[in-house]
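Novice: Provided herewith: entry.txt, compact mmCIF, C-alpha atoms and all ligand atoms.
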```
# COMPACT_ATOMS: atom_id res chain seq x y z
CA MET R 1 171.98 180.13 62.17
CA THR R 2 174.37 177.37 61.23
CA SER R 3 173.75 175.26 58.18
CA GLU R 4 173.25 172.31 60.52
CA THR R 5 170.12 173.63 62.26
CA PRO R 6 167.44 171.24 61.08
CA LEU R 7 164.34 172.81 59.61
CA CYS R 8 160.77 171.64 59.84
CA PRO R 9 159.71 170.14 56.50
CA GLU R 10 156.26 171.64 57.01
CA CYS R 11 156.92 175.26 58.10
CA ASP R 12 160.70 175.72 57.68
CA GLY R 13 160.94 176.66 61.36
CA GLU R 14 164.06 175.63 63.27
CA VAL R 15 163.63 172.40 65.20
CA ASP R 16 165.41 171.82 68.51
CA ILE R 17 166.81 168.31 68.68
CA PRO R 18 167.12 167.01 72.25
CA SER R 19 170.62 165.84 73.18
CA ASP R 20 169.39 162.26 73.76
CA ALA R 21 167.52 162.11 70.46
CA MET R 22 167.34 158.75 68.68
CA GLU R 23 166.74 157.62 65.14
CA ASN R 24 163.04 157.03 64.45
CA GLU R 25 162.04 159.14 67.41
CA LEU R 26 158.97 161.31 67.08
CA LEU R 27 159.00 164.97 68.04
CA SER R 28 156.78 167.92 67.35
CA CYS R 29 157.79 171.16 65.71
CA ALA R 30 157.63 173.95 68.31
CA GLU R 31 156.60 176.43 65.63
CA CYS R 32 153.73 174.67 63.89
CA GLY R 33 153.05 171.61 66.04
CA THR R 34 153.51 169.14 63.18
CA GLU R 35 154.65 165.71 64.30
CA LEU R 36 158.03 164.81 62.84
CA GLU R 37 160.21 161.72 62.78
CA ILE R 38 163.99 161.81 63.02
CA MET R 39 165.04 159.66 60.08
CA ASN R 40 168.76 160.17 60.54
CA LEU R 41 170.88 161.66 63.31
CA ASP R 42 174.13 162.52 61.56
CA PRO R 43 173.35 164.63 59.65
CA ILE R 44 169.88 165.26 61.07
CA GLU R 45 167.09 164.42 58.67
CA LEU R 46 163.49 165.11 59.57
CA GLU R 47 160.37 163.86 57.85
CA LEU R 48 156.69 164.29 58.55
CA ALA R 49 155.66 161.51 60.91
CA PRO R 50 153.38 158.94 59.29
CA GLU R 51 149.64 159.60 59.51
CA VAL R 52 147.94 157.90 62.44
CA GLU R 53 146.11 154.82 61.16
CA GLU R 54 142.83 153.48 62.43
CA ASP R 55 144.44 150.60 64.35
CA TRP R 56 147.06 152.75 66.06
CA GLY R 57 146.98 153.09 69.80
CA GLU R 58 147.66 151.15 72.97
CA MET T 59 170.44 138.26 77.21
CA ARG T 60 169.46 139.44 73.73
CA VAL T 61 166.31 141.45 73.35
CA ALA T 62 164.54 142.64 70.21
CA LEU T 63 162.47 145.76 70.82
CA LEU T 64 159.82 145.82 68.13
CA VAL T 65 158.47 149.31 67.44
CA THR T 66 156.63 151.43 64.90
CA HIS T 67 158.73 154.40 65.98
CA ILE T 68 160.36 155.65 69.17
CA ARG T 69 158.14 157.46 71.65
CA ALA T 70 158.69 158.57 75.25
CA GLU T 71 157.78 155.08 76.52
CA GLU T 72 160.29 153.31 74.29
CA LYS T 73 163.07 155.62 75.48
CA LEU T 74 162.17 154.85 79.08
CA ILE T 75 162.13 151.13 78.31
CA LEU T 76 165.53 151.30 76.60
CA ALA T 77 166.98 153.22 79.55
CA ALA T 78 165.57 150.62 81.96
CA PHE T 79 167.17 147.78 79.96
CA ASN T 80 170.45 149.71 79.77
CA LYS T 81 170.45 150.04 83.56
CA ARG T 82 170.59 146.25 83.70
CA ASP T 83 173.37 146.12 81.07
CA ILE T 84 171.10 144.96 78.27
CA SER T 85 171.07 146.81 74.94
CA PRO T 86 168.02 145.75 72.94
CA ASP T 87 168.15 145.76 69.14
CA ILE T 88 165.50 148.14 67.87
CA ILE T 89 163.47 146.56 65.09
CA LEU T 90 161.11 148.72 63.04
CA ASP T 91 157.86 147.07 62.04
CA ARG T 92 158.06 148.86 58.65
CA GLU T 93 161.16 146.79 57.84
CA LEU T 94 159.69 143.38 58.65
CA ASN T 95 159.43 140.94 55.79
CA PHE T 96 158.81 137.44 57.13
CA ASP T 97 158.92 134.15 55.30
CA ILE T 98 156.34 132.24 57.29
CA THR T 99 157.76 128.80 56.58
CA CYS T 100 161.46 129.48 57.12
CA GLY T 101 161.31 129.86 60.89
CA ALA T 102 163.59 131.57 63.35
CA GLU T 103 166.74 130.85 61.34
CA GLN T 104 165.93 133.73 59.02
CA LEU T 105 167.45 137.12 59.68
CA ALA T 106 165.64 139.91 61.44
CA PRO T 107 166.14 143.43 60.01
CA SER T 108 168.88 143.84 62.65
CA GLY T 109 171.02 141.28 60.77
CA SER T 110 170.76 138.68 63.54
CA ALA T 111 168.74 135.50 63.16
CA TRP T 112 165.48 135.68 65.06
CA ARG T 113 166.44 132.60 67.10
CA GLU T 114 169.30 134.56 68.68
CA TYR T 115 166.81 136.65 70.62
CA ASP T 116 165.84 135.48 74.09
CA LEU T 117 162.93 137.88 74.05
CA VAL T 118 160.88 140.01 71.69
CA PHE T 119 159.44 143.04 73.46
CA GLU T 120 156.56 144.30 71.34
CA ARG T 121 155.83 148.04 71.55
CA CYS T 122 154.26 148.77 68.16
CA VAL T 123 151.79 151.63 68.06
CA SER T 124 150.35 149.83 65.05
CA THR T 125 148.15 147.19 66.65
CA SER T 126 147.87 144.97 63.59
CA ARG T 127 151.59 144.97 62.82
CA GLY T 128 152.48 144.16 66.41
CA MET T 129 149.86 141.46 66.70
CA TYR T 130 150.72 139.63 63.47
CA ALA T 131 154.44 139.89 64.13
CA LEU T 132 153.83 138.21 67.49
CA ALA T 133 151.66 135.57 65.82
CA ILE T 134 154.56 134.64 63.56
CA LEU T 135 157.36 134.93 66.11
CA ASN T 136 155.50 132.97 68.80
CA SER T 137 154.71 130.26 66.26
CA TRP T 138 158.45 129.89 65.71
CA GLY T 139 158.91 129.42 69.43
CA LEU T 140 160.19 132.89 70.29
CA ARG T 141 159.29 134.27 73.69
CA SER T 142 157.63 137.63 73.76
CA PHE T 143 155.94 140.20 75.93
CA ASN T 144 153.12 140.28 75.51
CA THR T 145 152.18 137.01 73.84
CA TYR T 146 150.19 136.85 70.62
CA GLU T 147 147.25 135.36 72.54
CA THR T 148 147.13 138.25 74.97
CA ALA T 149 147.59 140.84 72.19
CA ALA T 150 144.86 139.29 70.05
CA THR T 151 142.38 139.34 72.92
CA CYS T 152 143.21 142.86 74.12
CA SER T 153 143.19 144.38 70.65
CA ASP T 154 139.55 143.37 70.23
CA LYS T 155 137.01 144.74 72.70
CA LEU T 156 134.52 142.01 71.87
CA ARG T 157 137.01 139.19 72.45
CA THR T 158 138.03 140.97 75.67
CA SER T 159 134.40 141.03 76.84
CA ILE T 160 134.11 137.29 76.19
CA ALA T 161 137.32 136.63 78.13
CA PHE T 162 135.97 138.70 81.06
CA MET T 163 132.63 136.87 80.96
CA LYS T 164 134.34 133.45 81.08
CA GLN T 165 136.27 134.40 84.21
CA GLY T 166 133.43 136.29 85.88
CA ILE T 167 135.14 139.69 85.70
CA PRO T 168 132.57 142.49 86.23
CA GLN T 169 132.16 144.62 83.10
CA PRO T 170 129.65 147.11 81.70
CA HIS T 171 126.49 145.54 80.33
CA THR T 172 127.40 144.94 76.68
CA ARG T 173 125.47 143.78 73.62
CA VAL T 174 126.62 143.02 70.09
CA ALA T 175 124.62 143.26 66.86
CA PHE T 176 125.46 143.29 63.17
CA THR T 177 122.95 145.51 61.40
CA PRO T 178 121.63 149.02 62.07
CA ASP T 179 118.17 147.67 62.95
CA SER T 180 119.39 145.11 65.42
CA ALA T 181 121.94 147.59 66.79
CA MET T 182 119.09 150.03 67.42
CA GLN T 183 117.35 147.33 69.38
CA ALA T 184 120.59 146.65 71.31
CA ILE T 185 120.86 150.34 72.18
CA GLU T 186 117.28 150.42 73.46
CA ASP T 187 117.96 147.23 75.43
CA VAL T 188 120.92 148.73 77.32
CA LYS T 189 118.92 151.99 77.60
CA TYR T 190 120.01 155.58 77.13
CA PRO T 191 122.60 156.91 77.40
CA ALA T 192 124.35 154.13 75.51
CA VAL T 193 127.94 153.92 74.32
CA LEU T 194 128.97 152.68 70.87
CA LYS T 195 132.57 151.69 70.21
CA PRO T 196 134.51 150.19 67.35
CA VAL T 197 135.71 146.72 68.48
CA THR T 198 139.25 147.69 67.52
CA GLY T 199 140.44 151.18 68.23
CA SER T 200 142.13 153.27 70.85
CA TRP T 201 142.70 156.75 72.28
CA GLY T 202 138.95 157.24 72.51
CA ARG T 203 138.59 157.40 68.72
CA LEU T 204 135.10 157.04 67.25
CA LEU T 205 133.42 156.42 70.58
CA ALA T 206 129.88 157.73 70.72
CA ARG T 207 127.55 158.34 73.64
CA VAL T 208 123.96 158.45 72.46
CA HIS T 209 121.17 159.98 74.50
CA ASN T 210 118.13 159.31 72.37
CA ARG T 211 116.73 157.47 69.36
CA ASP T 212 117.43 160.36 66.97
CA SER T 213 121.14 160.45 67.60
CA ALA T 214 121.30 156.64 67.68
CA GLU T 215 119.75 156.48 64.22
CA ALA T 216 122.18 159.09 62.91
CA ILE T 217 125.24 157.33 64.25
CA LEU T 218 124.13 153.93 63.02
CA GLU T 219 123.46 155.28 59.55
CA HIS T 220 126.86 156.99 59.45
CA ARG T 221 128.65 153.86 60.63
CA GLN T 222 126.87 151.67 58.12
CA THR T 223 127.42 154.08 55.21
CA LEU T 224 130.85 155.52 55.88
CA GLY T 225 132.55 152.75 57.82
CA ASP T 226 134.12 149.60 56.46
CA TYR T 227 133.01 146.18 57.70
CA ASN T 228 134.89 146.67 60.96
CA HIS T 229 132.37 149.34 61.86
CA HIS T 230 129.43 147.07 61.10
CA THR T 231 130.06 145.02 64.23
CA TYR T 232 128.02 147.10 66.63
CA TYR T 233 129.41 146.89 70.14
CA VAL T 234 126.91 148.59 72.41
CA GLN T 235 127.36 149.29 76.11
CA GLU T 236 125.40 150.81 78.91
CA TYR T 237 126.88 154.14 79.95
CA VAL T 238 128.48 153.65 83.37
CA ASP T 239 127.68 156.68 85.50
CA LYS T 240 131.21 157.19 86.76
CA PRO T 241 132.37 160.02 89.00
CA GLY T 242 134.11 162.25 86.39
CA ARG T 243 137.08 159.92 86.25
CA ASP T 244 138.13 156.39 85.52
CA ILE T 245 141.06 154.25 86.67
CA ARG T 246 144.06 152.98 84.76
CA ALA T 247 145.97 150.27 86.63
CA PHE T 248 149.32 148.84 85.57
CA VAL T 249 149.60 145.10 86.03
CA VAL T 250 152.95 143.37 85.71
CA GLY T 251 152.70 139.61 86.05
CA ASP T 252 150.66 138.95 89.17
CA ARG T 253 150.99 142.41 90.70
CA THR T 254 149.32 145.80 90.26
CA ILE T 255 152.37 148.06 90.46
CA ALA T 256 150.57 151.41 90.22
CA ALA T 257 147.30 153.04 89.26
CA ILE T 258 146.10 156.47 88.23
CA TYR T 259 142.80 158.24 88.16
CA ARG T 260 142.13 159.89 84.82
CA GLU T 261 140.00 162.93 85.44
CA SER T 262 138.27 164.89 82.75
CA ASN T 263 135.28 167.14 82.17
CA HIS T 264 134.67 165.04 79.08
CA TRP T 265 133.20 161.57 79.48
CA ILE T 266 136.15 160.22 77.46
CA THR T 267 139.04 160.40 79.90
CA ASN T 268 142.01 159.05 77.89
CA THR T 269 145.22 160.93 78.70
CA ALA T 270 145.84 160.95 74.94
CA ARG T 271 142.71 163.15 74.88
CA GLY T 272 143.74 165.42 77.74
CA GLY T 273 142.58 163.43 80.79
CA LEU T 274 144.53 164.46 83.90
CA ALA T 275 146.50 161.74 85.73
CA THR T 276 146.61 161.63 89.53
CA ASN T 277 147.63 158.83 91.88
CA CYS T 278 145.06 156.15 92.67
CA PRO T 279 145.91 154.04 95.72
CA VAL T 280 146.24 150.34 94.89
CA THR T 281 143.95 148.75 97.46
CA GLU T 282 143.68 145.00 97.93
CA GLU T 283 140.29 145.11 96.20
CA LEU T 284 141.66 147.01 93.19
CA ASP T 285 144.72 144.77 92.94
CA ASP T 286 142.54 141.67 93.06
CA ILE T 287 140.16 142.67 90.27
CA CYS T 288 143.00 143.97 88.08
CA VAL T 289 145.12 140.86 88.40
CA ARG T 290 142.12 138.61 87.74
CA ALA T 291 141.17 140.72 84.69
CA ALA T 292 144.75 140.60 83.39
CA ASP T 293 144.82 136.81 83.85
CA ALA T 294 141.53 136.53 81.99
CA VAL T 295 143.16 137.93 78.82
CA GLY T 296 146.27 135.80 79.16
CA GLY T 297 148.38 137.93 81.51
CA GLY T 298 151.59 139.83 80.93
CA ILE T 299 152.35 143.53 81.07
CA LEU T 300 149.01 145.24 80.87
CA ALA T 301 147.09 148.42 81.56
CA VAL T 302 143.65 147.66 82.94
CA ASP T 303 141.01 150.37 82.51
CA LEU T 304 138.26 150.37 85.12
CA LEU T 305 135.16 152.42 85.77
CA GLU T 306 133.49 153.00 89.14
CA ASP T 307 129.74 152.61 88.84
CA ALA T 308 127.13 154.66 90.69
CA ARG T 309 127.36 152.28 93.68
CA GLY T 310 131.15 152.63 93.79
CA ASN T 311 131.79 149.12 92.44
CA PHE T 312 134.54 148.48 89.91
CA VAL T 313 133.75 147.32 86.40
CA VAL T 314 136.57 146.55 84.00
CA ASN T 315 136.28 148.45 80.74
CA GLU T 316 139.17 147.17 78.66
CA ILE T 317 142.80 146.10 78.79
CA ASN T 318 145.64 147.62 76.79
CA HIS T 319 148.57 145.40 75.82
CA THR T 320 151.05 148.06 74.59
CA MET T 321 150.36 150.54 77.31
CA GLU T 322 151.33 154.17 77.39
CA PHE T 323 152.67 155.28 80.76
CA ARG T 324 154.71 158.45 80.21
CA ASN T 325 152.29 160.49 82.36
CA SER T 326 151.88 157.90 85.10
CA SER T 327 155.26 157.48 86.80
CA GLN T 328 155.36 161.04 88.10
CA PRO T 329 151.98 161.04 89.93
CA THR T 330 152.38 157.49 91.27
CA GLY T 331 156.05 157.72 92.19
CA VAL T 332 156.55 154.28 90.61
CA ASP T 333 159.25 153.79 87.98
CA ILE T 334 156.92 151.87 85.69
CA ALA T 335 159.51 151.20 82.98
CA GLN T 336 162.00 149.76 85.46
CA GLU T 337 159.36 147.60 87.17
CA VAL T 338 158.33 146.23 83.79
CA ILE T 339 161.87 145.53 82.60
CA ASP T 340 162.97 143.92 85.87
CA PHE T 341 159.94 141.65 85.70
CA VAL T 342 160.72 140.73 82.10
CA ILE T 343 164.35 139.97 82.89
CA GLY T 344 163.25 137.81 85.82
CA GLN T 345 160.84 135.88 83.64
CA ILE T 346 163.36 135.19 80.90
CA GLY T 347 165.96 134.22 83.47
CA VAL T 348 163.53 131.74 85.02
CA VAL T 349 162.85 129.99 81.73
CA ALA T 350 166.35 130.04 80.20
N1 LIG B 401 130.46 152.24 78.97
C1 LIG B 401 131.11 153.34 79.36
N2 LIG B 401 130.60 154.15 80.33
C2 LIG B 401 131.23 155.28 80.72
N3 LIG B 401 132.40 155.70 80.21
C3 LIG B 401 132.97 154.94 79.24
C4 LIG B 401 132.36 153.73 78.78
N4 LIG B 401 133.14 153.19 77.83
C5 LIG B 401 134.20 154.01 77.71
N5 LIG B 401 134.11 155.07 78.54
C6 LIG B 401 135.08 156.16 78.68
O1 LIG B 401 135.71 156.38 77.44
C7 LIG B 401 137.12 156.14 77.52
C8 LIG B 401 137.60 155.37 76.30
O2 LIG B 401 136.93 154.13 76.23
P1 LIG B 401 137.67 152.76 75.93
O3 LIG B 401 136.65 151.69 75.91
O4 LIG B 401 138.79 152.59 76.90
O5 LIG B 401 138.23 152.96 74.46
P2 LIG B 401 139.69 153.24 73.91
O6 LIG B 401 140.22 151.91 73.51
O7 LIG B 401 139.52 154.16 72.76
O8 LIG B 401 140.51 153.83 75.05
C9 LIG B 401 137.32 155.36 78.81
O9 LIG B 401 138.52 155.66 79.40
C10 LIG B 401 136.14 155.75 79.65
O10 LIG B 401 136.46 156.81 80.52
MG MG B 402 140.89 152.82 76.94
ZN ZN B 403 156.91 173.29 61.73
```
Please re-express this file's structure in structure tokens.
Specialist:
Amino acid sequence: MTSETPLCPECDGEVDIPSDAMENELLSCAECGTELEIMNLDPIELELAPEVEEDWGE
Amino acid sequence: MRVALLVTHIRAEEKLILAAFNKRDISPDIILDRELNFDITCGAEQLAPSGSAWREYDLVFERCVSTSRGMYALAILNSWGLRSFNTYETAATCSDKLRTSIAFMKQGIPQPHTRVAFTPDSAMQAIEDVKYPAVLKPVTGSWGRLLARVHNRDSAEAILEHRQTLGDYNHHTYYVQEYVDKPGRDIRAFVVGDRTIAAIYRESNHWITNTARGGLATNCPVTEELDDICVRAADAVGGGILAVDLLEDARGNFVVNEINHTMEFRNSSQPTGVDIAQEVIDFVIGQIGVVA
């Protein structure tokens, strides 16, 4: 494990970052399913995605 | 052409939209709704979070998952004369199921029998008027959240009491519909301008068929009849880039359930074989080109 492997802020599991990842993209942790947001790409910073609000949707 | 892509965050759809713009040599500026801080009176000269003045954008493409942020941002930007997809008018109508029902009624678009009441007592009467099973929905909301199908007076009373006690005022507008006895599926059609570019069936064992809730997407052929009702329904709410949700009633007739103005389509290109993002973006580019 390199020091660069980003860890899930919820479960500390390693999170795979897709090669085409973008800032502010959502992804879910493969280990615990928590939804995360990529806050920064270089270096990778992950945060818990914001809670879904009542007016969120299509 | 300069495009501002207004988002809450980046999802699969926004990546597809960006790729479709890139294919046409356009690189939109991504603008996060959390960073917006408008001075209402200072107009389009003021800077967007991107560092460019708003007036430099030929188009604002609104893709916020937060309905209220997206809608109010469009209200402001359109009032300054900026072009957007969709427009504030369309977003405001689609984001409210009651205003959508009124728009359908005005244009004679078939829809489920719907009543509106403002207190638990009158809502109970509305439920008994449309008959059981009845469907109760918040007027704003999505992804099938807080929808209720009630089969009898007992459960109706319980739901009304919960809404009145636990909900804020938004939940005290009781929007009551007949349950449409559909064939284990509903239809989601994608309308771009004056054309239905693709449609899917959403199949589910649950009466709520949203793909966000696990509904399965398969191709639905776009017949002339389907295209006609979808385009008329889209026009009724102001037109644009829209996902029209329809139900088939027991006689096989279409009724339009609602229209979504920041549609999700990640699961729909594969079954339909239509590159929805590219169709949308090419339409948008054509529209801006026409006006500029
Ligand atoms: N009156 C109704 N009769 C039968 N099914 C309904 C009715 N209203 C909604 N549904 C089902 O519930 C799903 C969600 O309802 P909808 O009104 O589209 O709310 P949302 O905005 O949460 O998607 C629809 O896709 C549809 O399958
Ligand atoms: Mg819906
Ligand atoms: Zn995790």
Novice: Can you list every residue of chain T that has an atom at most 6 Å from ligand LIG 401 (chain B), with its nearest atom pair and the distance in Å to one decimal, using only C-alpha atoms and all ligand atoms, ordered by chain then number, as JSON lines?
Specialist:
```
{"residue": "T:Pro170", "atom": "CA", "partner": "B:LIG401", "partner_atom": "N1", "distance": 5.9}
{"residue": "T:Val193", "atom": "CA", "partner": "B:LIG401", "partner_atom": "N1", "distance": 5.5}
{"residue": "T:Gly199", "atom": "CA", "partner": "B:LIG401", "partner_atom": "O6", "distance": 5.3}
{"residue": "T:Ser200", "atom": "CA", "partner": "B:LIG401", "partner_atom": "O7", "distance": 3.4}
{"residue": "T:Trp201", "atom": "CA", "partner": "B:LIG401", "partner_atom": "O7", "distance": 4.1}
{"residue": "T:Gly202", "atom": "CA", "partner": "B:LIG401", "partner_atom": "O7", "distance": 3.1}
{"residue": "T:Arg203", "atom": "CA", "partner": "B:LIG401", "partner_atom": "O7", "distance": 5.3}
{"residue": "T:Gln235", "atom": "CA", "partner": "B:LIG401", "partner_atom": "N1", "distance": 5.1}
{"residue": "T:Glu236", "atom": "CA", "partner": "B:LIG401", "partner_atom": "N1", "distance": 5.3}
{"residue": "T:Tyr237", "atom": "CA", "partner": "B:LIG401", "partner_atom": "N2", "distance": 3.7}
{"residue": "T:Val238", "atom": "CA", "partner": "B:LIG401", "partner_atom": "N2", "distance": 3.7}
{"residue": "T:Asp244", "atom": "CA", "partner": "B:LIG401", "partner_atom": "O10", "distance": 5.3}
{"residue": "T:Trp265", "atom": "CA", "partner": "B:LIG401", "partner_atom": "C6", "distance": 5.8}
{"residue": "T:Ile266", "atom": "CA", "partner": "B:LIG401", "partner_atom": "O1", "distance": 3.9}
{"residue": "T:Thr267", "atom": "CA", "partner": "B:LIG401", "partner_atom": "O10", "distance": 4.5}
{"residue": "T:Asn268", "atom": "CA", "partner": "B:LIG401", "partner_atom": "O9", "distance": 5.1}
{"residue": "T:Asn315", "atom": "CA", "partner": "B:LIG401", "partner_atom": "O3", "distance": 5.8}
{"residue": "T:Glu316", "atom": "CA", "partner": "B:LIG401", "partner_atom": "O4", "distance": 5.7}
```
Novice: Please return as a VMD selection string the residues found within 12 Å of ligand MG 402 (chain B), counting all atoms listed in the file.
Specialist: (chain R and resid 57 to 58) or (chain T and resid 152 to 155 195 to 203 205 244 to 247 260 265 to 271 273 300 to 305 314 to 322)
Novice: With distances taken over only C-alpha atoms, which of T:Pro329, T:Ala70, T:Glu93, T:Phe176 is nearest to Tyr227 in chain T?
Specialist: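 Closest candidate: T:Phe176.
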Novice: Counting all atoms listed in the file, figure out which residue out of T:Ala62, T:Tyr146, T:Val123, T:Asp91 gets nearest to Glu51 in chain R.
Specialist: T:Val123
Novice: Could you work out how far CA of Ile89 in chain T lies from CA of Cys122 in chain T, giving the answer in Å with one decimal?
Specialist: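 Here the two named atoms are 10.0 Å from each other.
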Novice: Could you produce a table of the residues of chain R lying within 7 Å of ligand ZN 403 (chain B), with the nearest pair of atoms per residue and their separation in Å rounded to one decimal, using only C-alpha atoms and all ligand atoms, ordered by chain and increasing residue number, as a Markdown table?
Specialist:
```
| residue | atom | partner | partner_atom | distance |
| --- | --- | --- | --- | --- |
| R:Cys8 | CA | B:ZN403 | ZN | 4.6 |
| R:Pro9 | CA | B:ZN403 | ZN | 6.7 |
| R:Glu10 | CA | B:ZN403 | ZN | 5.0 |
| R:Cys11 | CA | B:ZN403 | ZN | 4.1 |
| R:Asp12 | CA | B:ZN403 | ZN | 6.1 |
| R:Gly13 | CA | B:ZN403 | ZN | 5.3 |
| R:Cys29 | CA | B:ZN403 | ZN | 4.6 |
| R:Ala30 | CA | B:ZN403 | ZN | 6.7 |
| R:Glu31 | CA | B:ZN403 | ZN | 5.0 |
| R:Cys32 | CA | B:ZN403 | ZN | 4.1 |
| R:Gly33 | CA | B:ZN403 | ZN | 6.0 |
| R:Thr34 | CA | B:ZN403 | ZN | 5.6 |
```
Novice: In Å to one decimal, how far is CA of Tyr190 in chain T from CA of Ala308 in chain T?
Specialist: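 Atom-to-atom, CA of Ala308 in chain T and CA of Tyr190 in chain T are spaced 15.3 Å apart.
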Novice: Please return, as a VMD selection string, all residues of chain R lying within 10 Å of chain T when all atoms listed in the file are considered.
Specialist: chain R and resid 20 to 27 37 to 38 49 to 50 52 to 58
Novice: Quick one: everything within 6 Å of Ser142 in chain T, counting all atoms listed in the file, minus sequence neighbours fewer than 3 positions away in the same chain. Send it as a list in words.
Specialist: Leu117, Val118, Phe119 and Thr145 of chain T
Novice: By how many Å are CA of Ser108 in chain T and CA of Arg141 in chain T apart?
Specialist: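 Computing it gives 17.5 Å between the two atoms.
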Novice: Could you list, as JSON, numbers by chain, every residue within 10 Å of Val289 in chain T, counting only C-alpha atoms and ignoring same-chain residues fewer than 2 positions away?
Specialist: {"T": [247, 248, 249, 250, 251, 252, 253, 254, 284, 285, 286, 287, 291, 292, 293, 294, 297, 298, 300, 302]}
Novice: Find the spatial neighbours of Arg211 in chain T, counting all atoms listed in the file, within a cut-off of 12 Å - ignore same-chain residues fewer than 5 positions away - and output them as a list in words.
Specialist: Asp179, Ala181, Met182, Gln183, Ala184, Ile185, Glu186, Asp187, Lys189, Tyr190, Pro191, Ala192, Ala216, Ile217 and Leu218 of chain T
Novice: Take the residues from that selection and write them out as a CSV table (one decimal), in the frame of the given file, keeping C-alpha atoms.
Specialist:
```csv
chain,number,residue,atom,x,y,z
T,179,ASP,CA,118.2,147.7,63.0
T,181,ALA,CA,121.9,147.6,66.8
T,182,MET,CA,119.1,150.0,67.4
T,183,GLN,CA,117.4,147.3,69.4
T,184,ALA,CA,120.6,146.6,71.3
T,185,ILE,CA,120.9,150.3,72.2
T,186,GLU,CA,117.3,150.4,73.5
T,187,ASP,CA,118.0,147.2,75.4
T,189,LYS,CA,118.9,152.0,77.6
T,190,TYR,CA,120.0,155.6,77.1
T,191,PRO,CA,122.6,156.9,77.4
T,192,ALA,CA,124.4,154.1,75.5
T,216,ALA,CA,122.2,159.1,62.9
T,217,ILE,CA,125.2,157.3,64.2
T,218,LEU,CA,124.1,153.9,63.0
```
